[in-house]
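Beneath this line is the structure, given in structure tokens, with notes to follow.
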Amino acid sequence: MSVTSSSDASALAGATDDAPVLSVRDLRVSFRTRRGPAEVVNGVSWDVRAGETLAIVGESGSGKSVSVMSLLGLVPSPPAQITGSAVFEGRELIGMSRSELRSVRGPGIGMVFQDPMTSLNPVLTIGRQITESLEAHMGLRGAAADDRAAELLELVGIPSARSRLGSYPHELSGGMRQRVMIAIGLACDPAVLIADEATTALDVTIQAQILELIARLQSELGMAVVWISHDLGVVAGIADRVLVMYAGRIVEEAPVDPLFAAPQHPYTRGLLASLPVVGRRRVDLEVIPGLPPDPVELPPGCAFYPRCSHRLDPRCSTDVPPLREVGPDHRVATFYEVPR
Amino acid sequence: MRSYVLRRLGQALIVLVGVSIAAFSIIHLVDGDPVRLALGTRFDQETYDALRSRAGLDQPLVVQYFDWSSSAATGDLGVSFRSGRSVTSLIVERLPATISLAGGALVVALLIAVPLGVISALRPRSPADYVATVVSQAGISIPDFWMAILGILVFARTLQWLPASRYVPLSEDPVGWLEHLILPAVTVGVVSGSVLTRFVRSSVLEALGRDHTRTAHAKGLSERVVMTRHVLRNALIPIVTVTGIQLAYLLSGVVVVEVVFAWQGLGQLALQAVQSRDYPVVQGAVLLFAVFFLVINLIVDLLYASLDPRIRYR
Amino acid sequence: MTAVAADRGGWRAVLGAVATSRLALLCLVVLGGFLVVAVVGPSIAPYGANEVGVAESLSGPSLDHPFGVDQLGRDVMSRVLIGARDSLRIGVVAVGIALGVGVIVGLLAGYYRGWLDDALMRLMDVLFAFPAILLAIAVLAVRGPGATNAMIAIGIVYIPVFARVTRASTLALREELFVRAARSVGALDRRIIVRHVLPNVAAPIIVQTSISLAFAILSEAALSFLGLGTQPPAPSWGRMLSEGQGFMEDAWWIAVFPGLAIFLLVLALNVVGDALRDALDPRQRSAMDAERRPA
């Protein structure tokens with residue numbers, strides 16, 4: 001997979017109207033812990049438009065999953081405290097009643113989770129796991145629901161789909177299970193599909209197939225995709241725009257090509273440098289030294305300061321650098337121009 | 001599924017043979033002549049010889065075991081040293097009383113454990129959870145015979161709400177059966193229910209935290225559907241296992257509680273047989289309890305397989 | 001047990017974890033109280049265990065006789081205090097028997113696998129197939145009633161539990177790198193088991209010990225209640241209850257105080273056992289605390 005190639009979907013992105021389907025503003029999520037509040041998401045804002053693929057990238061613990069799950073009420077609150085705004089098709093999600101949120105989950109925003117082995121219910125057939133969504137949101141029952149479920153399985157490329165409806169998850173391969181997960185996410189024709197590390201548990205060839213499947217489905221169905229991953233390599237192949245998160249904040253935000261061609265934030269550069277690329281020797285791969293900060297005791301300044309090899313501004317250790325424009329649609333949270 | 005059932009049956013059979021050897025050995029491990037001990041002061045040579053030969057004690061050990069176990073397999077457990085009656089009929093007479101008590105106790109245990117366990121799992125660290133934890137910890141620690149005594153003291157003697165003791169057959173007097181059953185069944189049921197409560201709580205909590213429960217929420221299903229179809233359905237698998245084991249403990253618990261309530265059941269039969277050194281009855285009762293346990297375990301395992309599709313293929 | 005000694009910081013953490021639960025701490029104190037009574041009980045008891053006519057028979061609790069007087073005119077509190085020693089002793093020795101035999105069986109089965117494992121564990125299955133109290137009764141039927149035989153009987157009952165716990169941990173450990181390494185350099189099996197395996201399977205065994213101790217004391221009380229355990233003239237809590245059963249209508253204190261002693265001791269052991277499990281068995285703890293973890 002070449003780092004600089006853009007997805008087929010990016011051509012489509014330009015063609016869509018400009019109003020975002022999902023618009024997040026200043027989202028904050030914190031958890032009460034014994035040692036004090038753990039600030040996991042600290043003021044994140046982004047938009048995603050129909051037909052567009054937005055990738056959110058960061059290490060585990062960067063708050064990327066929580067920031068998206070919390071929109072749908074999938075982060076239990078309490079103990080989580082969620083503030084900010086998230087407007088989906090003109091409706092505010094934060095503070096929405098549970099029953100209203102339920103009507104958004106599925107038909108509004110579909111989800112695909114990381115590990116299809118554990119994310120599918122082991123004691124229900126895959127057919128039932130698809131039809132229960134259809135039943136809840138579209139009033140489809142019996143044969144009609146089965147027909148639609150078989151159609152969905154066919155759509156995600158499962159051979160002899162109808163006969164598979166009665167299978168249990170453990171009877172399928174990992175790749176097939178992930179296709180079922182995607183079918184569940186798409187069951188009610190969502191306007192936004194959120195994929196949380198959807199290929200992480202799969203081996204490389206299956207990973208490529210799933211990425212291709214998502215790109216194809218997106219161009220066929222025209223939904224917005226939010227792709228959450230720790231792997232910039234995966235993101236390069238499918239994203240239109242990329243958000244890089246660190247310690248619950250966005251540190252860099254750019255269309256996919258400029259991000260890979262000219263990354264600005266030291267953290268983004270670190271992530272890129274740790275990416276294996278054909279032609280570069282393994283020994284040249286760099287690893288960012290140190291660990292992400294403890295969300296209970298975030299440093300007062302830039303959260304990346306303790307691991308940063310530049311630290312070119314005295315404010316780095318005292319103030320949180322705001323996002324500033326460095327190119328068309330390209331923003332970075334540093335106080336200074338990082339030398340190449 | 002077929003091979004799983006066969007393998008499970010095979011294992012149970014091996015243990016059954018071991019259990020029968022153990023039960024058989026009881027009479028032979030006794031220090032001294034079991035018949036002489038059983039007869040005690042009522043000794044006379046004629047009875048002695050008759051009992052010895054009827055128990056087959058003059059045969060070689062291996063022959064004795066095969067005789068005993070093949071008779072046992074056909075339902076003949078020998079003859080009581082004391083009453084001269086067949087051990088099987090003594091046991092069959094007592095069976096309804098013990099089954100009533102164990103069944104009643106199981107109902108009580110589940111009535112306590114399922115609601116309490118689910119509520120405390122749904123609201124962890126809430127006051128309700130704390131109360132459930134303390135109550136179940138106390139229920140596990142309380143001696144069942146003490147609770148039986150206190151139960152009689154309070155509900156039978158002082159308040160006079162319930163009869164204090166004795167089993168009344170269901171066929172004779174259904175209302176009396178129930179009235180007499182309540183105190184003993186609650187006593188045994190509270191102890192088992194306490195163990196089960198903790199287990200239901202941790203199983204439900206575990207199922208709530210599973211990834212597929214999150215998937216179910218993400219589908220926009222109602223709380224009720226997520227709870228029943230996804231959480232409880234999965235939590236049920238371990239709960240069934242432990243309930244089966246608890247049923248075996250219930251059988252054990254009835255031994256002592258039967259004594260307190262003068263409940264004419266198997267436990268009391270076994271105990272009286274031990275006290276009067278009526279070894280054939282001891283052997284029969286011990287064997288029967290162990291067979292109960294094996295059968296219950298077998299049923300539980302098969303139930304487990306029908307609840308969890310993953311097992312059928314292993 | 002060098003590995004354990006080297007891990008003293010870990011033990012302090014365990015103690016700390018037990019101490020953080022106020023309930024567990026309270027129970028630890030209660031447990032300490034019972035231990036003290038077990039040691040000095042006979043000398044602090046105001047009357048002898050079988051001293052009759054200390055007051056009118058069946059007279060209720062008073063300043064002189066806080067737990068009242070029984071049907072033979074004996075001081076109930078003295079009998080409860082003096083009975084603590086036997087209860088604890090029988091429980092501890094019984095669990096000692098179960099621990100000793102069960103751990104050896106579990107280590108052998110888990111370490112050597114193969115036919116030895118099959119044979120030993122089927123044997124444990126057989127023992128496990130008998131309801132606990134019935135197995136104890138059967139053993140007493142063979143050996144005759146009495147405190148010593150009760151210890152042996154209860155010990156036998158709890159062997160399979162220890163064998164299973166030890167075997168499960170040993171199996172997991174067997175494939176660990178440091179055990180394989182020790183084996184590959186030709187260390188003796190006995191040495192590997194004692195030096196490497198045993199210290200590392202200690203945690204679940206310790207947890208099991210404290211929980212089994214609670215149940216062993218309950219079993220002893222039940223056997224004594226049935227007249228098969230501790231024999232007179234030694235006062236035992238279980239026997240006090242069965243002897244007093246006929247008089248409890250007029251004298252509730254005979255039924256209440258010995259039972260309360262059993263209950264408190266067993267409860268304290270169970271709570272401390274739970275706290276130990278939380279501290280020592282992180283798998284259980286993580287299952288319990290799953291709801292606290294951020295997504």
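Just so we're on the same page: first chain in the structure tokens is A, next is B, and so on; residues restart at 1 for each chain, and ligands are numbered from 1 in the order they show up.
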
- Task: Enumerate the residues of region 42-284 of chain C with a DSSP assignment of alpha helix (DSSP H), computed from the backbone, and present them as a PyMOL selection string.
- Result: chain C and resi 42-44+76-112+114-128+132-143+147-174+177-184+189-192+198-200+202-225+237-244+252-280+282-284

With only C-alpha atoms as the counted atoms, please give the residues lying no more than 8 Å from region 221-233 of chain C, apart from itself and same-chain residues fewer than 2 positions off, as a PDB file with N, CA and C atoms, in the first residue's frame.
ATOM      1  N   PRO B 143     -24.616 -20.996  59.752  1.00  0.00           N
ATOM      2  CA  PRO B 143     -24.795 -22.452  59.800  1.00  0.00           C
ATOM      3  C   PRO B 143     -26.265 -22.773  59.538  1.00  0.00           C
ATOM      4  N   PHE B 145     -28.117 -25.323  60.199  1.00  0.00           N
ATOM      5  CA  PHE B 145     -28.912 -25.889  61.298  1.00  0.00           C
ATOM      6  C   PHE B 145     -29.257 -24.820  62.338  1.00  0.00           C
ATOM      7  N   VAL B 256     -28.492 -32.186  57.281  1.00  0.00           N
ATOM      8  CA  VAL B 256     -28.534 -31.619  58.623  1.00  0.00           C
ATOM      9  C   VAL B 256     -29.891 -30.970  58.905  1.00  0.00           C
TER      10      VAL B 256
ATOM     11  N   ASN C  50     -17.941 -27.560  82.348  1.00  0.00           N
ATOM     12  CA  ASN C  50     -18.942 -28.520  82.806  1.00  0.00           C
ATOM     13  C   ASN C  50     -19.320 -28.286  84.257  1.00  0.00           C
ATOM     14  N   ASP C  86     -11.506 -25.842  70.315  1.00  0.00           N
ATOM     15  CA  ASP C  86     -11.745 -27.054  69.540  1.00  0.00           C
ATOM     16  C   ASP C  86     -12.242 -26.741  68.137  1.00  0.00           C
ATOM     17  N   SER C  87     -13.161 -25.759  68.054  1.00  0.00           N
ATOM     18  CA  SER C  87     -13.693 -25.386  66.748  1.00  0.00           C
ATOM     19  C   SER C  87     -12.567 -24.986  65.804  1.00  0.00           C
ATOM     20  N   ILE C 133     -21.104 -32.999  53.415  1.00  0.00           N
ATOM     21  CA  ILE C 133     -21.421 -33.458  54.773  1.00  0.00           C
ATOM     22  C   ILE C 133     -21.649 -34.960  54.781  1.00  0.00           C
ATOM     23  N   ILE C 137     -19.836 -37.788  56.928  1.00  0.00           N
ATOM     24  CA  ILE C 137     -20.609 -38.735  57.723  1.00  0.00           C
ATOM     25  C   ILE C 137     -20.193 -40.174  57.394  1.00  0.00           C
ATOM     26  N   LEU C 140     -17.003 -40.975  58.998  1.00  0.00           N
ATOM     27  CA  LEU C 140     -17.203 -41.182  60.430  1.00  0.00           C
ATOM     28  C   LEU C 140     -17.934 -42.494  60.694  1.00  0.00           C
ATOM     29  N   GLY C 144     -15.832 -44.205  63.134  1.00  0.00           N
ATOM     30  CA  GLY C 144     -16.454 -43.917  64.426  1.00  0.00           C
ATOM     31  C   GLY C 144     -16.392 -42.444  64.735  1.00  0.00           C
ATOM     32  N   PRO C 145     -17.346 -41.935  65.545  1.00  0.00           N
ATOM     33  CA  PRO C 145     -17.405 -40.501  65.827  1.00  0.00           C
ATOM     34  C   PRO C 145     -16.236 -40.038  66.697  1.00  0.00           C
ATOM     35  N   GLY C 146     -16.031 -38.729  66.781  1.00  0.00           N
ATOM     36  CA  GLY C 146     -14.974 -38.166  67.616  1.00  0.00           C
ATOM     37  C   GLY C 146     -14.283 -37.013  66.929  1.00  0.00           C
ATOM     38  N   ALA C 147     -13.588 -36.190  67.723  1.00  0.00           N
ATOM     39  CA  ALA C 147     -12.968 -34.983  67.193  1.00  0.00           C
ATOM     40  C   ALA C 147     -11.879 -35.312  66.175  1.00  0.00           C
ATOM     41  N   ASN C 149     -11.418 -38.029  64.341  1.00  0.00           N
ATOM     42  CA  ASN C 149     -11.969 -38.550  63.103  1.00  0.00           C
ATOM     43  C   ASN C 149     -12.715 -37.477  62.317  1.00  0.00           C
ATOM     44  N   ALA C 150     -13.317 -36.532  63.033  1.00  0.00           N
ATOM     45  CA  ALA C 150     -13.986 -35.430  62.344  1.00  0.00           C
ATOM     46  C   ALA C 150     -12.977 -34.622  61.527  1.00  0.00           C
ATOM     47  N   ILE C 217     -14.969 -25.113  59.398  1.00  0.00           N
ATOM     48  CA  ILE C 217     -15.514 -24.819  60.720  1.00  0.00           C
ATOM     49  C   ILE C 217     -17.028 -25.037  60.730  1.00  0.00           C
ATOM     50  N   LEU C 218     -17.672 -24.665  59.627  1.00  0.00           N
ATOM     51  CA  LEU C 218     -19.109 -24.941  59.491  1.00  0.00           C
ATOM     52  C   LEU C 218     -19.375 -26.443  59.518  1.00  0.00           C
ATOM     53  N   SER C 219     -18.539 -27.198  58.792  1.00  0.00           N
ATOM     54  CA  SER C 219     -18.737 -28.648  58.743  1.00  0.00           C
ATOM     55  C   SER C 219     -18.555 -29.263  60.126  1.00  0.00           C
ATOM     56  N   PRO C 235     -16.812 -29.013  75.462  1.00  0.00           N
ATOM     57  CA  PRO C 235     -17.939 -28.231  74.978  1.00  0.00           C
ATOM     58  C   PRO C 235     -17.707 -27.887  73.514  1.00  0.00           C
ATOM     59  N   SER C 236     -18.697 -28.112  72.675  1.00  0.00           N
ATOM     60  CA  SER C 236     -18.527 -27.678  71.291  1.00  0.00           C
ATOM     61  C   SER C 236     -19.786 -26.937  70.874  1.00  0.00           C
ATOM     62  N   TRP C 237     -19.575 -25.922  70.021  1.00  0.00           N
ATOM     63  CA  TRP C 237     -20.684 -25.038  69.665  1.00  0.00           C
ATOM     64  C   TRP C 237     -21.823 -25.808  69.012  1.00  0.00           C
ATOM     65  N   GLY C 238     -21.459 -26.717  68.108  1.00  0.00           N
ATOM     66  CA  GLY C 238     -22.482 -27.483  67.401  1.00  0.00           C
ATOM     67  C   GLY C 238     -23.293 -28.339  68.363  1.00  0.00           C
ATOM     68  N   ARG C 239     -22.586 -28.992  69.290  1.00  0.00           N
ATOM     69  CA  ARG C 239     -23.271 -29.866  70.221  1.00  0.00           C
ATOM     70  C   ARG C 239     -24.143 -29.081  71.200  1.00  0.00           C
ATOM     71  N   MET C 240     -23.653 -27.898  71.593  1.00  0.00           N
ATOM     72  CA  MET C 240     -24.458 -27.054  72.491  1.00  0.00           C
ATOM     73  C   MET C 240     -25.816 -26.772  71.851  1.00  0.00           C
ATOM     74  N   LEU C 241     -25.795 -26.552  70.537  1.00  0.00           N
ATOM     75  CA  LEU C 241     -27.048 -26.244  69.844  1.00  0.00           C
ATOM     76  C   LEU C 241     -27.977 -27.454  69.821  1.00  0.00           C
ATOM     77  N   SER C 242     -27.417 -28.642  69.558  1.00  0.00           N
ATOM     78  CA  SER C 242     -28.309 -29.798  69.473  1.00  0.00           C
ATOM     79  C   SER C 242     -28.840 -30.156  70.860  1.00  0.00           C
ATOM     80  N   ILE C 262     -20.393 -19.325  65.911  1.00  0.00           N
ATOM     81  CA  ILE C 262     -20.027 -19.993  64.655  1.00  0.00           C
ATOM     82  C   ILE C 262     -20.178 -19.011  63.497  1.00  0.00           C
TER      83      ILE C 262
END

- Message: Using only C-alpha atoms and a cut-off of 6 Å, which residues of chain B sit close to chain A? Please list them as a ChimeraX atom specification.
- Response: /B:211-212,218-220,308-309

Using the selection just defined, write its residues with N, CA and C atoms as a PDB file, in the first residue's frame.
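That gives us again35.pdb:
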ATOM      1  N   ASP B 211     -17.963  -7.075  24.828  1.00  0.00           N
ATOM      2  CA  ASP B 211     -18.012  -6.277  23.605  1.00  0.00           C
ATOM      3  C   ASP B 211     -19.347  -6.428  22.883  1.00  0.00           C
ATOM      4  N   HIS B 212     -19.889  -7.657  22.868  1.00  0.00           N
ATOM      5  CA  HIS B 212     -21.107  -7.823  22.068  1.00  0.00           C
ATOM      6  C   HIS B 212     -22.313  -7.142  22.702  1.00  0.00           C
ATOM      7  N   ALA B 218     -25.208  -0.455  20.381  1.00  0.00           N
ATOM      8  CA  ALA B 218     -24.927   0.365  19.201  1.00  0.00           C
ATOM      9  C   ALA B 218     -25.953   0.129  18.104  1.00  0.00           C
ATOM     10  N   LYS B 219     -26.663  -1.005  18.165  1.00  0.00           N
ATOM     11  CA  LYS B 219     -27.705  -1.266  17.178  1.00  0.00           C
ATOM     12  C   LYS B 219     -28.966  -0.474  17.477  1.00  0.00           C
ATOM     13  N   GLY B 220     -28.992   0.168  18.654  1.00  0.00           N
ATOM     14  CA  GLY B 220     -30.177   0.927  19.011  1.00  0.00           C
ATOM     15  C   GLY B 220     -31.321   0.066  19.509  1.00  0.00           C
ATOM     16  N   ASP B 308     -25.047 -23.011  24.799  1.00  0.00           N
ATOM     17  CA  ASP B 308     -23.871 -22.407  24.182  1.00  0.00           C
ATOM     18  C   ASP B 308     -23.490 -23.166  22.917  1.00  0.00           C
ATOM     19  N   PRO B 309     -23.819 -22.584  21.756  1.00  0.00           N
ATOM     20  CA  PRO B 309     -23.572 -23.304  20.505  1.00  0.00           C
ATOM     21  C   PRO B 309     -22.100 -23.661  20.304  1.00  0.00           C
TER      22      PRO B 309
END

Using only C-alpha atoms, find each residue in chain C having at least one atom no more than 8 Å away from chain B; report its shortest atom-to-atom pair and that distance in Å (one decimal), rows by chain then rising number, as CSV.
residue,atom,partner,partner_atom,distance
C:Arg122,CA,B:Val15,CA,6.5
C:Leu123,CA,B:Gly18,CA,7.3
C:Asp125,CA,B:Val15,CA,6.5
C:Val126,CA,B:Val19,CA,5.4
C:Leu127,CA,B:Val19,CA,7.7
C:Ala129,CA,B:Ala290,CA,5.2
C:Phe130,CA,B:Ala290,CA,4.9
C:Pro131,CA,B:Ser252,CA,4.8
C:Ala132,CA,B:Ser252,CA,6.4
C:Ile133,CA,B:Ser252,CA,6.0
C:Leu134,CA,B:Ser252,CA,6.5
C:Leu135,CA,B:Val286,CA,7.8
C:Ile137,CA,B:Val274,CA,7.5
C:Ala138,CA,B:Ile26,CA,7.3
C:Val139,CA,B:Ile26,CA,7.9
C:Ala141,CA,B:Val274,CA,5.3
C:Val142,CA,B:Val30,CA,4.7
C:Arg143,CA,B:Val30,CA,6.5
C:Ala214,CA,B:Ser141,CA,7.7
C:Leu218,CA,B:Pro143,CA,6.2
C:Ala221,CA,B:Pro143,CA,7.9
C:Ala222,CA,B:Val256,CA,7.0
C:Leu226,CA,B:Val256,CA,7.3
C:Leu241,CA,B:Trp146,CA,7.5
C:Gln245,CA,B:Ile149,CA,7.3
C:Met248,CA,B:Leu153,CA,7.2
C:Glu249,CA,B:Leu153,CA,6.5
C:Trp252,CA,B:Leu153,CA,7.8
C:Ala255,CA,B:Ile149,CA,7.2
C:Val256,CA,B:Leu150,CA,7.6
C:Gly259,CA,B:Trp146,CA,5.8
C:Ile262,CA,B:Pro143,CA,7.2
C:Phe263,CA,B:Ile142,CA,5.1
C:Leu264,CA,B:Ser141,CA,7.9
C:Val266,CA,B:Ser141,CA,5.3
C:Leu267,CA,B:Ser141,CA,4.9
C:Asn270,CA,B:Ser141,CA,7.1
C:Val271,CA,B:Gln137,CA,7.5
C:Ala287,CA,B:Glu206,CA,6.0
C:Met288,CA,B:Ser202,CA,6.4
C:Ala290,CA,B:Gly209,CA,6.2
C:Glu291,CA,B:Gly209,CA,6.7

Please report as a CSV table (one decimal) with C-alpha atoms, in the first residue's frame which residues of chain A come no farther than 9 Å from chain C, using only C-alpha atoms.
chain,number,residue,atom,x,y,z
A,31,PHE,CA,-14.1,10.0,34.1
A,33,THR,CA,-11.5,8.1,39.4
A,40,VAL,CA,-9.8,11.6,28.4
A,65,SER,CA,-12.5,5.8,20.6
A,66,VAL,CA,-14.1,7.5,23.6
A,69,MET,CA,-18.5,6.4,21.4
A,74,LEU,CA,-22.0,4.2,24.4
A,75,VAL,CA,-19.7,5.4,27.2
A,76,PRO,CA,-21.7,5.0,30.4
A,79,PRO,CA,-19.1,7.7,35.5
A,80,ALA,CA,-18.2,9.6,32.4

- Query: If you count only C-alpha atoms, which residues fall within 10 Å of Leu232 (chain A), apart from same-chain ones fewer than 2 positions away, as a PyMOL selection string?
  - Reply: chain A and resi 3+55-58+229-230+234-237+239+242+244+260+268+271-272+274-275

- Residues at most 12 Å from region 203-214 of chain A, counting only C-alpha atoms, excluding those fewer than 4 positions away in the same chain, as a VMD selection string? chain A and resid 1 7 to 9 51 to 53 112 114 154 to 158 173 to 183 185 to 186 193 to 195 197 to 199 218 to 227 231 233 to 239
